Amino acid sequence: MNAFDPINYKISLTPDLNNFKFSGTVEMTGETRTDLDEITLNALELAVWRCAVRLDENTIACPFYTDPGKEELRIQLPQTMSGPISLAIEYEGLINDRMAGFYRSSYKVEGKTHHIAVTQFQESDARRAFPCLDHPQKKATFDIEIVIDSALAAISNTVITEEEPLERGKKRVKFQQTPKMSTYLLFFGVGDFKFVKNEIDKRVRAATIPGMLPYAGYGLEFGRQALTFCEDYYRIPYPLPKMDLIAIPDFAFGAMENWGAITFRENLLLHYPDITSRSGEERICEVIAHEIAHQWFGNLVTPSDWKYLWLNESFATFFGYGVVDHYHPRWGIWQQFLGGQTAAALVRDGLHETFAIEIPGGEHVVINTSTAPIIYSKGGSILRQIQDYIGMENFRDGLTRYLKKHAYGNAASHHLWEALEEAAEKPITKMMKSWIEQPGFPIVSATRKGNTLVLRQQRFTYLPNTSDQLWDIPVNIRLFNTVGDTRMIQTVLDRESTEIELDSDTAAFKINAGQTGFYRVRYEDRKDFDALGRYILDGTLPSEDRWGLQNDLFNLMRSGVAAMDDYLDFLSYYKKEDAYLPLSSIAGNLFQSYLVFEGETKANIAAAGKSLLEKSLSRIGYEPQPDEPFTTTLLRDQVIFPAVMYGSDDAAQFAGEKFEALINGEPVHADILKSVMQVAALNGNDTTYTWLKERLHSSSSEHERMNILAAFGCFSDRGLIEKSLQYTLDEVPDRNKFIPIVAMSSNPYAVDSMWDWYVAHLSELEQFHPMLYERVIAGIVPVGGIGETDRVRAFFEKYIQEHPQTTEVVKLSLEKLEINLRMRERLRR
């Protein structure tokens, strides 16, 4: 670690939005306890003109050189120095178009293109905007001033303290000094921003480009609510005088938690009446809550190294759902957490190509397709597991201890464990180390021998493994007796196997009751598994458990332990199912299988899917109703399109009539609009393509634009598939090009041609933002590569040598390809 510790940065910037460049000066004060004759800072894509150091009362120019490969600026001091050191650096940079560092974003007003300039620094891109020590442990305070056109506005982390008029239509905007914080949390933005403050809490303000302010009210109000919740739950006041929620037209990520200046994709902050669906509303709330939780987890207390990034993202993920559940308890948020976050994490972590939540290395970790499901989704799921184990109040008390003890400083994983252990008075450290410091997760096998239940753990992977890993697993078991009564057993499986005595009248048992544990379950005797079927049929088992049973069986099928027919047979217990969580999961599992399997099995999957989804749609109705449960609304929009794919005439007729109404200018309910457009594309022609294209160009809602782009990925006509893909590359904004491409990768009519398309357009795809390019690889390879397996493997063997930054996503995608290939080949034997 660098021996020079920053104390304060004074940064002065002059951005040029016409020529997309900026000039800057930074005065950096710091100290060192050791003798130094050279100071190394991080700098990337900056033209450094002058470096100097203050010595006594003089400022002395220093020799310097940059190392682009190491992203370093090395400043040679005039003599060996220790203690306080003050540097002054003059430099220039580009306002790039790559959605990283200090970058530009465009929008149109009356056909004329305008630009704003904003920053995105996580994880290590502050160095693109100013020379610095770009590591989370190197916290400092920041004084920002920006020289801009007098008609524009500037935003940073804190409030404006002074606006000074300058010559030639310019002004200097100065901001209050920030708290002590990491470089990746710094923000500055320049443009024709419009603002509105929340009427109840004036600290909370929304910022948008011109014309978008009327759509900011929904997100602004929930931002106020989320801030109120977090201050109360953590028992620590929000330490800044303001919190800006800023909508950015071009944004690679969903949002970014810059302290006091949170940035969002427009669809995750702006709400359009009659256009934003209820699922879109939920997503707005969840992302806002996620970012506001970061103001404590990540901003107030920051990981001491990137290997501890989970201390940021896992908590923000967990509370992103928890805050929404507090204000909208009828939305079934924790069911969505299981079906979205936990399910995705189990799939990702079931690969050999995985890693621990506490990421090895940590010097330059990147949030991407490979890492996000582990540090966000798995981490959040482990927090849900530990909260269930120690209790909600102990969990809350432990978090408050952790935050107060390390406020404005840095923390490592053990600091959290120690705080939870103190609050709960349970041996948390050993348990948490088993989940955080090693990759993967267990499968718990259950065998009944008379009145003894034997539980055994081993690592779960889709492909064979020889691991001897063990976890401390909190296991909840629900027992059913012969007269229908139930009781709970709780134990910790901290060795390879254990035995539990059952009541003599035990008729059935459900392992992982409530699905709070992060593991899969296998019932060794099919009779014990089928014994739970009656409790699925009569609804005795909660929806979480009904979800877990079929989802574990499906993934056992993917690993080769069970057959696809076993899964389809088990679905007979779900013929009366009406709950969102199990039905949405079944729909997803069947569609995934439909893409992989061939022949009779594919037909059987379609028949099962058609029957199940038609019954579901008949039960809940095709038309959204004003007072229906929130999860009913979500379910409908998720199952209409696959129902049509499986051959449902009723669903196709309904969607077709709705699209005809849409073409004729009649409104279609926002909660089914995406499905209607997807079905229209599936059964569509050139007229459909033209309408979608015109609607995309005329829409001002990013939420609607993203739904239209998803529909572009659903054409069945080969000519329209090729036309849509070319249109995507030529016309769709960079931030959204991945959407139709990934949709095509799950389109049975397109997926077989996607590998050749990928290779043919490789140079264009490589220009995508790295995270978005990874989504393309991860979308195409696992299914699109099945018919070209040898070619795909040979291609990527060479490719990752030339492009090592893609290694992780390539390896996980190839492993998923191997899993799918083995699923298909098992049927041919």
# chains A, B, ... in the order shown; residues from 1 in each chain; ligands from 1

$ residues_around --residues "A:Phe738" --least-positions-apart "6" --cutoff "7 Å" --atoms "only C-alpha atoms" --output "tab-separated table (two decimals) with N, CA and C atoms, in the first residue's frame"
chain	number	residue	atom	x	y	z
A	772	LEU	N	-21.29	-4.16	-20.58
A	772	LEU	CA	-22.36	-4.48	-21.52
A	772	LEU	C	-21.90	-5.50	-22.56
A	775	ARG	N	-22.24	-8.88	-21.07
A	775	ARG	CA	-23.62	-9.38	-21.11
A	775	ARG	C	-23.92	-10.05	-22.45
A	776	VAL	N	-23.35	-9.52	-23.52
A	776	VAL	CA	-23.53	-10.12	-24.83
A	776	VAL	C	-22.90	-11.51	-24.88

$ residues_around --residues "stretch 35-49 of chain A" --least-positions-apart "5" --cutoff "7 Å" --atoms "only C-alpha atoms" --output "PyMOL selection string"
chain A and resi 68+71-77+79-82+90-93+127-128+130-134

$ write_last_selection --atoms "N, CA and C atoms" --output "PDB file, in the first residue's frame"
ATOM      1  N   PRO A  68       1.361   4.730 -18.407  1.00  0.00           N
ATOM      2  CA  PRO A  68      -0.019   4.386 -18.772  1.00  0.00           C
ATOM      3  C   PRO A  68      -0.383   2.946 -18.459  1.00  0.00           C
ATOM      4  N   GLU A  71      -1.125   2.869 -14.975  1.00  0.00           N
ATOM      5  CA  GLU A  71      -2.056   3.945 -14.633  1.00  0.00           C
ATOM      6  C   GLU A  71      -1.498   4.779 -13.481  1.00  0.00           C
ATOM      7  N   GLU A  72      -0.229   5.175 -13.617  1.00  0.00           N
ATOM      8  CA  GLU A  72       0.466   5.874 -12.541  1.00  0.00           C
ATOM      9  C   GLU A  72       1.090   7.181 -13.012  1.00  0.00           C
ATOM     10  N   LEU A  73       1.137   8.125 -12.088  1.00  0.00           N
ATOM     11  CA  LEU A  73       1.898   9.358 -12.230  1.00  0.00           C
ATOM     12  C   LEU A  73       2.941   9.356 -11.112  1.00  0.00           C
ATOM     13  N   ARG A  74       4.231   9.388 -11.482  1.00  0.00           N
ATOM     14  CA  ARG A  74       5.307   9.356 -10.491  1.00  0.00           C
ATOM     15  C   ARG A  74       5.958  10.743 -10.406  1.00  0.00           C
ATOM     16  N   ILE A  75       5.923  11.304  -9.220  1.00  0.00           N
ATOM     17  CA  ILE A  75       6.452  12.642  -8.985  1.00  0.00           C
ATOM     18  C   ILE A  75       7.725  12.529  -8.147  1.00  0.00           C
ATOM     19  N   GLN A  76       8.815  13.031  -8.677  1.00  0.00           N
ATOM     20  CA  GLN A  76      10.097  12.964  -7.977  1.00  0.00           C
ATOM     21  C   GLN A  76      10.265  14.225  -7.119  1.00  0.00           C
ATOM     22  N   LEU A  77      10.404  14.043  -5.841  1.00  0.00           N
ATOM     23  CA  LEU A  77      10.511  15.163  -4.920  1.00  0.00           C
ATOM     24  C   LEU A  77      11.912  15.771  -4.971  1.00  0.00           C
ATOM     25  N   GLN A  79      13.785  16.620  -2.610  1.00  0.00           N
ATOM     26  CA  GLN A  79      14.612  16.056  -1.541  1.00  0.00           C
ATOM     27  C   GLN A  79      13.780  15.010  -0.810  1.00  0.00           C
ATOM     28  N   THR A  80      14.433  14.227   0.001  1.00  0.00           N
ATOM     29  CA  THR A  80      13.692  13.252   0.813  1.00  0.00           C
ATOM     30  C   THR A  80      12.808  14.005   1.793  1.00  0.00           C
ATOM     31  N   MET A  81      11.528  13.605   1.841  1.00  0.00           N
ATOM     32  CA  MET A  81      10.563  14.318   2.666  1.00  0.00           C
ATOM     33  C   MET A  81       9.758  13.332   3.496  1.00  0.00           C
ATOM     34  N   SER A  82       9.264  13.788   4.630  1.00  0.00           N
ATOM     35  CA  SER A  82       8.341  13.026   5.460  1.00  0.00           C
ATOM     36  C   SER A  82       7.417  14.010   6.148  1.00  0.00           C
ATOM     37  N   GLU A  90      -1.067  20.439 -12.535  1.00  0.00           N
ATOM     38  CA  GLU A  90      -1.859  21.005 -13.610  1.00  0.00           C
ATOM     39  C   GLU A  90      -1.977  19.952 -14.717  1.00  0.00           C
ATOM     40  N   TYR A  91      -3.172  19.828 -15.284  1.00  0.00           N
ATOM     41  CA  TYR A  91      -3.386  18.746 -16.243  1.00  0.00           C
ATOM     42  C   TYR A  91      -4.595  19.056 -17.123  1.00  0.00           C
ATOM     43  N   GLU A  92      -4.787  18.237 -18.140  1.00  0.00           N
ATOM     44  CA  GLU A  92      -5.958  18.288 -19.010  1.00  0.00           C
ATOM     45  C   GLU A  92      -6.455  16.874 -19.255  1.00  0.00           C
ATOM     46  N   GLY A  93      -7.714  16.791 -19.639  1.00  0.00           N
ATOM     47  CA  GLY A  93      -8.280  15.485 -19.947  1.00  0.00           C
ATOM     48  C   GLY A  93      -9.413  15.611 -20.940  1.00  0.00           C
ATOM     49  N   ARG A 127      -9.256   8.349 -11.350  1.00  0.00           N
ATOM     50  CA  ARG A 127      -7.948   8.662 -11.952  1.00  0.00           C
ATOM     51  C   ARG A 127      -8.065   9.185 -13.375  1.00  0.00           C
ATOM     52  N   ARG A 128      -9.227   9.007 -14.002  1.00  0.00           N
ATOM     53  CA  ARG A 128      -9.458   9.574 -15.333  1.00  0.00           C
ATOM     54  C   ARG A 128      -9.795  11.063 -15.270  1.00  0.00           C
ATOM     55  N   PHE A 130      -8.785  13.209 -12.288  1.00  0.00           N
ATOM     56  CA  PHE A 130      -7.752  13.973 -11.578  1.00  0.00           C
ATOM     57  C   PHE A 130      -6.738  12.996 -10.991  1.00  0.00           C
ATOM     58  N   PRO A 131      -5.464  13.374 -10.930  1.00  0.00           N
ATOM     59  CA  PRO A 131      -4.458  12.511 -10.298  1.00  0.00           C
ATOM     60  C   PRO A 131      -4.802  12.346  -8.816  1.00  0.00           C
ATOM     61  N   CYS A 132      -4.730  11.129  -8.335  1.00  0.00           N
ATOM     62  CA  CYS A 132      -5.189  10.859  -6.971  1.00  0.00           C
ATOM     63  C   CYS A 132      -4.649   9.525  -6.493  1.00  0.00           C
ATOM     64  N   LEU A 133      -4.929   9.215  -5.253  1.00  0.00           N
ATOM     65  CA  LEU A 133      -4.707   7.873  -4.716  1.00  0.00           C
ATOM     66  C   LEU A 133      -6.053   7.174  -4.754  1.00  0.00           C
ATOM     67  N   ASP A 134      -6.242   6.399  -5.813  1.00  0.00           N
ATOM     68  CA  ASP A 134      -7.567   5.887  -6.192  1.00  0.00           C
ATOM     69  C   ASP A 134      -7.819   4.516  -5.580  1.00  0.00           C
TER      70      ASP A 134
END

$ select_by_dssp --residues "stretch 73-123 of chain A" --states "strand (DSSP E or B)" --output "JSON, numbers by chain"
{"A": [73, 74, 75, 76, 77, 78, 79, 80, 81, 82, 83, 84, 85, 86, 87, 88, 89, 90, 91, 92, 93, 94, 96, 101, 102, 103, 104, 105, 106, 107, 108, 109, 112, 113, 114, 115, 116, 117, 118, 119, 120]}

$ residues_around --residues "A:Ile284" --least-positions-apart "4" --cutoff "7 Å" --atoms "only C-alpha atoms" --output "number ranges by chain"
A: 219, 268-269, 280, 288

$ residues_around --residues "A:Val118" --least-positions-apart "3" --cutoff "9 Å" --atoms "only C-alpha atoms" --output "PyMOL selection string"
chain A and resi 95+99+101-105+155+187-191+248

$ atom_distance --atom1 "atom CA of A:Ser381" --atom2 "atom CA of A:Thr342"
5.8 Å
